[in-house]
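Q: A single structure is presented below for examination.
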Amino acid sequence: MASLLKSEWRKFVYVRANWGLLLAATFISTLSVIVTPFILEADGAGELLGLGIDQQPAVDATYANGISGYVFAIVLGILMMAGEFRHGTAVATFLTAPKRGIVLTAKLMMAIVGGMLLMVISTGISLIGGYFVLLGFEDAAQPSENLFVNTMLAAAVGGAVLAVIGIAIGTLVRNQMLAIVGALVYLFIIDPLLLALWPDTGKWLPSGLITAMLSIDISAPQLGFDTTDYLPAITATLVLLGYGVVFAAVAIATSLRRDID
Amino acid sequence: MTVEICFESLVKQYGKQAAVDQLTANVQSGRITGFLGPNGAGKSTTLRCLVGLASPTSGSAKIQGKNYREIDNPLGLVGTVLDSRGFHPALSGKKNLKVVAAAAGISDSRIDEVLELVELTEAAKKRVKNYSLGMKQRLSLAAAILGDPQILILDEPANGLDPAGIAWLRKFLRNLADRGRTILVSSHQLAEMQNTVDDVLIINRGKLIASGSMREVIGDGTLEEAFLKLTEVR
């Protein structure tokens, strides 16, 4: 197992696309955080949204955008698995280590580490960026007491679970492009739509769960956004981890059964 | 002489189509065995079943009495070249080998040795996407011998090699066989195979149609004549 983990770590570090994902996640997260105070303070925006930067929920919402890079964690998982089939490296991987369950376990463990690293780094940098931008707003409220801890925890757990889900998608849909497009359509369109239209269902899905882990209460009905009814943070964490376990089992079961082309 | 590789009533079906049909054959140790057949005869499918990438529908394909998936750290026993893919195009040849070596617990110093053996030392740091087909084949061979295996399984290793490369491959394989290695090699290059291999297995439409030493199979003619005669009749 140690040798397989070393091999997976080398793949993770050598492939430049992974570094590109980290850069992209950091850019998107930081941009989302640092522009939010300016949007909230723009003429009329505060009234429209019912929030101003002098209110704690607005500051919490600003920092909460630090987890915006989570979509890249799922892409990372897909690249780690479907990329093996795209480039044919799955053949070398399974020739070297034919016990597929062990290979998949090593890959899932690397996905957990990779997803966590991606999210912790991108979220951490965005929070630091947000802190310095908010220093420029004299009337900015203080964030909730545990916001930074909750946000970093949500980033770490969310990154790990989404990367695991990405691995499972990569074993099921070996066409890398199709897998990525499908995941993005789900995360950008289907998940937010379900959250907005049927929040009782949507709050059990990944985006709602990761937001619930932040433990922030933001009500912006004008935007169809109300976190006050989301699951408690602990429950959301457990449900998200449950998704991770189910998808990991699917990934291992799928890889055991199918021939490698 | 001992049997290193044994196919026993091997069947691999895709839907109703049998790609390999009741194949029974042995590969002896310390010899180069040519695995021949027309396109679509089932050679690659047979080799994929042998190395655990495809599951047989029935029957078995074993190496030293074991299924490939049962072998602990197989690179120390079996080296395999299946096609020129299998390497990440954006990584250098050396980095690709470092990934394989790490998984097999092989030291990085062995990578330089095998790159030298396949004469790729100068291109070691070039990205694989900039390799010619012949260079990719050499890199595949380098990966196959990383663990200094007793057995080599090679699917069309001469593809993409120029005449000098083919001559190099012949010498390379003969050198390995002289050191007691067992080699199972599939190829379409019949004249080349006649000069290289000791034993022959010929399959057509998934079935074994001839096997034995080169002399037994070709008699007084050439391998090409024997091959065409055997595959035409069926």
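Chain labels follow the order of the structure tokens: the first chain is A, the next B, and so on; residue numbering restarts at 1 in every chain, and ligands are counted from 1 in their shown order.
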Given a cut-off of 8 Å, which residues of chain B touch chain A, counting only C-alpha atoms, written out as a PyMOL selection string?
A: chain B and resi 51-55+68-70+73-75+80+85-91+95+98-105
Q: From a DSSP calculation on the backbone, collect every residue of chain B in strand (DSSP E or B) and output the set as a ChimeraX atom specification.
A: /B:3-14,17-28,32-36,58-63,66,78-81,92,127,151-155,182-186,199-204,207-213
Q: Contacts of Met193 in chain B at 10 Å or less, counting only C-alpha atoms, minus same-chain residues fewer than 4 places along, as a list in words?
A: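 The residues satisfying every condition are Ile32, Thr33, Gly34, Phe35, Leu36, Arg170, Val185, Ser186, Ser187, His188, Gln189, Val197, Asp198, Asp199, Val200, Met214, Leu223 and Glu224 of chain B.
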Q: Which residues are close to Asn146 in chain A, i.e. within 12 Å by only C-alpha atoms, leaving aside same-chain residues fewer than 4 positions away? Reply as a list of chain:residue names.
A: A:Asp60, A:Tyr63, A:Ala64, A:Gln142, A:Asn150, A:Thr151, A:Met152, A:Leu153, A:Ala154, A:Met213, A:Leu214, A:Ser215, A:Ile216, A:Ala233
Q: Taking only C-alpha atoms into account, which of A:Gly101, A:Gly77, A:Gly115, A:Pro37 comes nearest Gly158 in chain A?
A: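 Closest candidate: A:Gly115.
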Q: Could you check how far CA of Val20 in chain B sits from CA of Leu82 in chain B, in Å to one decimal?
A: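 So the two atoms, CA of Val20 in chain B and CA of Leu82 in chain B, lie 17.1 Å apart.
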Q: A:Ala155, A:Ile39, A:Ala253, A:Val246: which is nearest Ser126 in chain A, counting only C-alpha atoms?
A: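 Answer, going by the shortest atom-to-atom distance: A:Ala155.
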Q: Provide the CA of Val161 in chain A to CA of Leu76 in chain A distance in Å, to one decimal place.
A: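 According to the coordinates, CA of Val161 in chain A and CA of Leu76 in chain A are separated by 11.4 Å.
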Q: Excluding range 54-56 of chain A and its own-chain neighbours fewer than 3 positions away, which residues fall within 6 Å of it when counting only C-alpha atoms? Please give them as a PyMOL selection string.
A: chain A and resi 59+139-141+143
Q: Output C-alpha atoms of each residue in that selection to a file, as a compact mmCIF listing (two decimals), in the first residue's frame.
A:
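Full text of part-v1.txt as output:
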# COMPACT_ATOMS: atom_id res chain seq x y z
CA VAL A 59 -19.51 39.50 6.51
CA ASP A 139 -18.12 49.90 9.17
CA ALA A 140 -17.63 46.16 8.45
CA ALA A 141 -19.10 43.91 11.14
CA PRO A 143 -17.63 37.62 11.50
Q: Smallest atom-to-atom distance to Ala183 in chain A: which of A:Phe38, A:Phe148, A:Phe72, A:Phe27, using only C-alpha atoms?
A: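 Checking each of A:Phe38, A:Phe148, A:Phe72, A:Phe27 against Ala183 in chain A, counting only C-alpha atoms, the winner is A:Phe72.
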Q: Tell me, in Å to one decimal, how far CA of Ala143 in chain B is from CA of Gly79 in chain B.
A: 7.5 Å
Q: Please run DSSP on the backbone and report, as a ChimeraX atom specification, all residues within range 83-224 of chain B that come out as helix (DSSP H, G or I).
A: /B:93-104,109-117,121-123,128-130,133-144,163-178,190-196,214-218,223-224
Q: Grab the residues selected above and save them as a PDB file, in the first residue's frame with C-alpha atoms.
A:
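Dumped everything to out-v2.pdb:
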ATOM      1  CA  GLY B  93       9.683   9.181 -20.160  1.00  0.00           C
ATOM      2  CA  LYS B  94      11.644   9.135 -16.921  1.00  0.00           C
ATOM      3  CA  LYS B  95       8.769  10.509 -14.826  1.00  0.00           C
ATOM      4  CA  ASN B  96       6.411   7.919 -16.309  1.00  0.00           C
ATOM      5  CA  LEU B  97       8.854   5.190 -15.274  1.00  0.00           C
ATOM      6  CA  LYS B  98       9.202   6.748 -11.811  1.00  0.00           C
ATOM      7  CA  VAL B  99       5.438   6.372 -11.319  1.00  0.00           C
ATOM      8  CA  VAL B 100       5.610   2.680 -12.287  1.00  0.00           C
ATOM      9  CA  ALA B 101       8.766   2.057 -10.248  1.00  0.00           C
ATOM     10  CA  ALA B 102       7.220   3.589  -7.132  1.00  0.00           C
ATOM     11  CA  ALA B 103       4.124   1.385  -7.429  1.00  0.00           C
ATOM     12  CA  ALA B 104       6.292  -1.725  -7.738  1.00  0.00           C
ATOM     13  CA  SER B 109      18.365   4.028  -9.819  1.00  0.00           C
ATOM     14  CA  ARG B 110      17.019   1.086 -11.846  1.00  0.00           C
ATOM     15  CA  ILE B 111      15.232   3.583 -14.123  1.00  0.00           C
ATOM     16  CA  ASP B 112      18.495   4.945 -15.506  1.00  0.00           C
ATOM     17  CA  GLU B 113      19.697   1.389 -16.103  1.00  0.00           C
ATOM     18  CA  VAL B 114      16.661   0.364 -18.145  1.00  0.00           C
ATOM     19  CA  LEU B 115      16.636   3.621 -20.084  1.00  0.00           C
ATOM     20  CA  GLU B 116      20.222   2.908 -21.065  1.00  0.00           C
ATOM     21  CA  LEU B 117      19.344  -0.685 -22.020  1.00  0.00           C
ATOM     22  CA  THR B 121      18.900   7.913 -21.993  1.00  0.00           C
ATOM     23  CA  GLU B 122      19.147  11.085 -24.079  1.00  0.00           C
ATOM     24  CA  ALA B 123      15.352  11.340 -24.460  1.00  0.00           C
ATOM     25  CA  VAL B 128       6.269  11.334 -24.119  1.00  0.00           C
ATOM     26  CA  LYS B 129       3.972  13.273 -26.469  1.00  0.00           C
ATOM     27  CA  ASN B 130       7.123  14.288 -28.357  1.00  0.00           C
ATOM     28  CA  LEU B 133       6.165   5.546 -32.058  1.00  0.00           C
ATOM     29  CA  GLY B 134       9.457   3.654 -31.983  1.00  0.00           C
ATOM     30  CA  MET B 135      10.612   5.598 -28.920  1.00  0.00           C
ATOM     31  CA  LYS B 136       7.302   4.823 -27.181  1.00  0.00           C
ATOM     32  CA  GLN B 137       7.841   1.129 -27.918  1.00  0.00           C
ATOM     33  CA  ARG B 138      11.309   1.320 -26.384  1.00  0.00           C
ATOM     34  CA  LEU B 139       9.864   3.076 -23.344  1.00  0.00           C
ATOM     35  CA  SER B 140       7.262   0.301 -23.034  1.00  0.00           C
ATOM     36  CA  LEU B 141      10.084  -2.245 -23.120  1.00  0.00           C
ATOM     37  CA  ALA B 142      11.943  -0.244 -20.469  1.00  0.00           C
ATOM     38  CA  ALA B 143       8.865  -0.383 -18.227  1.00  0.00           C
ATOM     39  CA  ALA B 144       8.526  -4.116 -18.881  1.00  0.00           C
ATOM     40  CA  PRO B 163      14.595  -1.705 -39.748  1.00  0.00           C
ATOM     41  CA  ALA B 164      17.423  -0.733 -37.415  1.00  0.00           C
ATOM     42  CA  GLY B 165      14.983  -0.757 -34.494  1.00  0.00           C
ATOM     43  CA  ILE B 166      13.694  -4.195 -35.474  1.00  0.00           C
ATOM     44  CA  ALA B 167      17.271  -5.520 -35.652  1.00  0.00           C
ATOM     45  CA  TRP B 168      17.897  -3.967 -32.237  1.00  0.00           C
ATOM     46  CA  LEU B 169      14.722  -5.597 -30.851  1.00  0.00           C
ATOM     47  CA  ARG B 170      15.772  -9.018 -32.213  1.00  0.00           C
ATOM     48  CA  LYS B 171      19.152  -8.731 -30.504  1.00  0.00           C
ATOM     49  CA  PHE B 172      17.514  -7.426 -27.339  1.00  0.00           C
ATOM     50  CA  LEU B 173      15.070 -10.345 -27.119  1.00  0.00           C
ATOM     51  CA  ARG B 174      17.709 -12.940 -27.984  1.00  0.00           C
ATOM     52  CA  ASN B 175      19.979 -11.541 -25.312  1.00  0.00           C
ATOM     53  CA  LEU B 176      17.170 -11.859 -22.731  1.00  0.00           C
ATOM     54  CA  ALA B 177      16.335 -15.412 -23.851  1.00  0.00           C
ATOM     55  CA  ASP B 178      20.013 -16.396 -23.659  1.00  0.00           C
ATOM     56  CA  LEU B 190       6.486 -13.189 -40.050  1.00  0.00           C
ATOM     57  CA  ALA B 191       9.937 -13.038 -41.672  1.00  0.00           C
ATOM     58  CA  GLU B 192      11.245 -11.331 -38.570  1.00  0.00           C
ATOM     59  CA  MET B 193       9.555 -13.846 -36.289  1.00  0.00           C
ATOM     60  CA  GLN B 194      11.100 -16.722 -38.221  1.00  0.00           C
ATOM     61  CA  ASN B 195      14.524 -15.298 -37.356  1.00  0.00           C
ATOM     62  CA  THR B 196      13.671 -14.573 -33.745  1.00  0.00           C
ATOM     63  CA  MET B 214       9.483 -23.450 -35.442  1.00  0.00           C
ATOM     64  CA  ARG B 215      10.828 -26.438 -37.387  1.00  0.00           C
ATOM     65  CA  GLU B 216       7.750 -28.557 -36.572  1.00  0.00           C
ATOM     66  CA  VAL B 217       5.359 -25.847 -37.725  1.00  0.00           C
ATOM     67  CA  ILE B 218       7.061 -24.647 -40.911  1.00  0.00           C
ATOM     68  CA  LEU B 223       6.814 -19.224 -41.629  1.00  0.00           C
ATOM     69  CA  GLU B 224       4.866 -16.997 -43.992  1.00  0.00           C
TER      70      GLU B 224
END
Q: Would you please work out which residue, of B:Asp83, B:Asp220, B:Asp162, B:Glu4, is nearest to Ile183 in chain B when using only C-alpha atoms?
A: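 Smallest distance to Ile183 in chain B is found for B:Glu4.
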Q: Name all residues at most 10 Å from Tyr243 in chain A (count only C-alpha atoms; drop same-chain ones fewer than 6 positions away) and give them as a list of chain:residue names.
A: A:Val161, A:Leu162, A:Val164, A:Ile165, A:Leu205, A:Pro206, A:Thr237, A:Ala249
Q: Please produce a file of those selected residues containing C-alpha atoms, as an mmCIF file, in the first residue's frame.
A:
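Output saved as result28.cif:
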data_model
loop_
_atom_site.group_PDB
_atom_site.id
_atom_site.type_symbol
_atom_site.label_atom_id
_atom_site.label_comp_id
_atom_site.auth_asym_id
_atom_site.auth_seq_id
_atom_site.Cartn_x
_atom_site.Cartn_y
_atom_site.Cartn_z
ATOM 1 C CA VAL A 161 -15.616 13.948 -0.280
ATOM 2 C CA LEU A 162 -16.012 15.682 -3.643
ATOM 3 C CA VAL A 164 -13.822 10.817 -3.810
ATOM 4 C CA ILE A 165 -17.083 11.378 -5.717
ATOM 5 C CA LEU A 205 -27.327 17.437 -1.658
ATOM 6 C CA PRO A 206 -23.578 18.315 -1.729
ATOM 7 C CA THR A 237 -20.875 16.660 7.834
ATOM 8 C CA ALA A 249 -17.750 1.664 -2.505
#
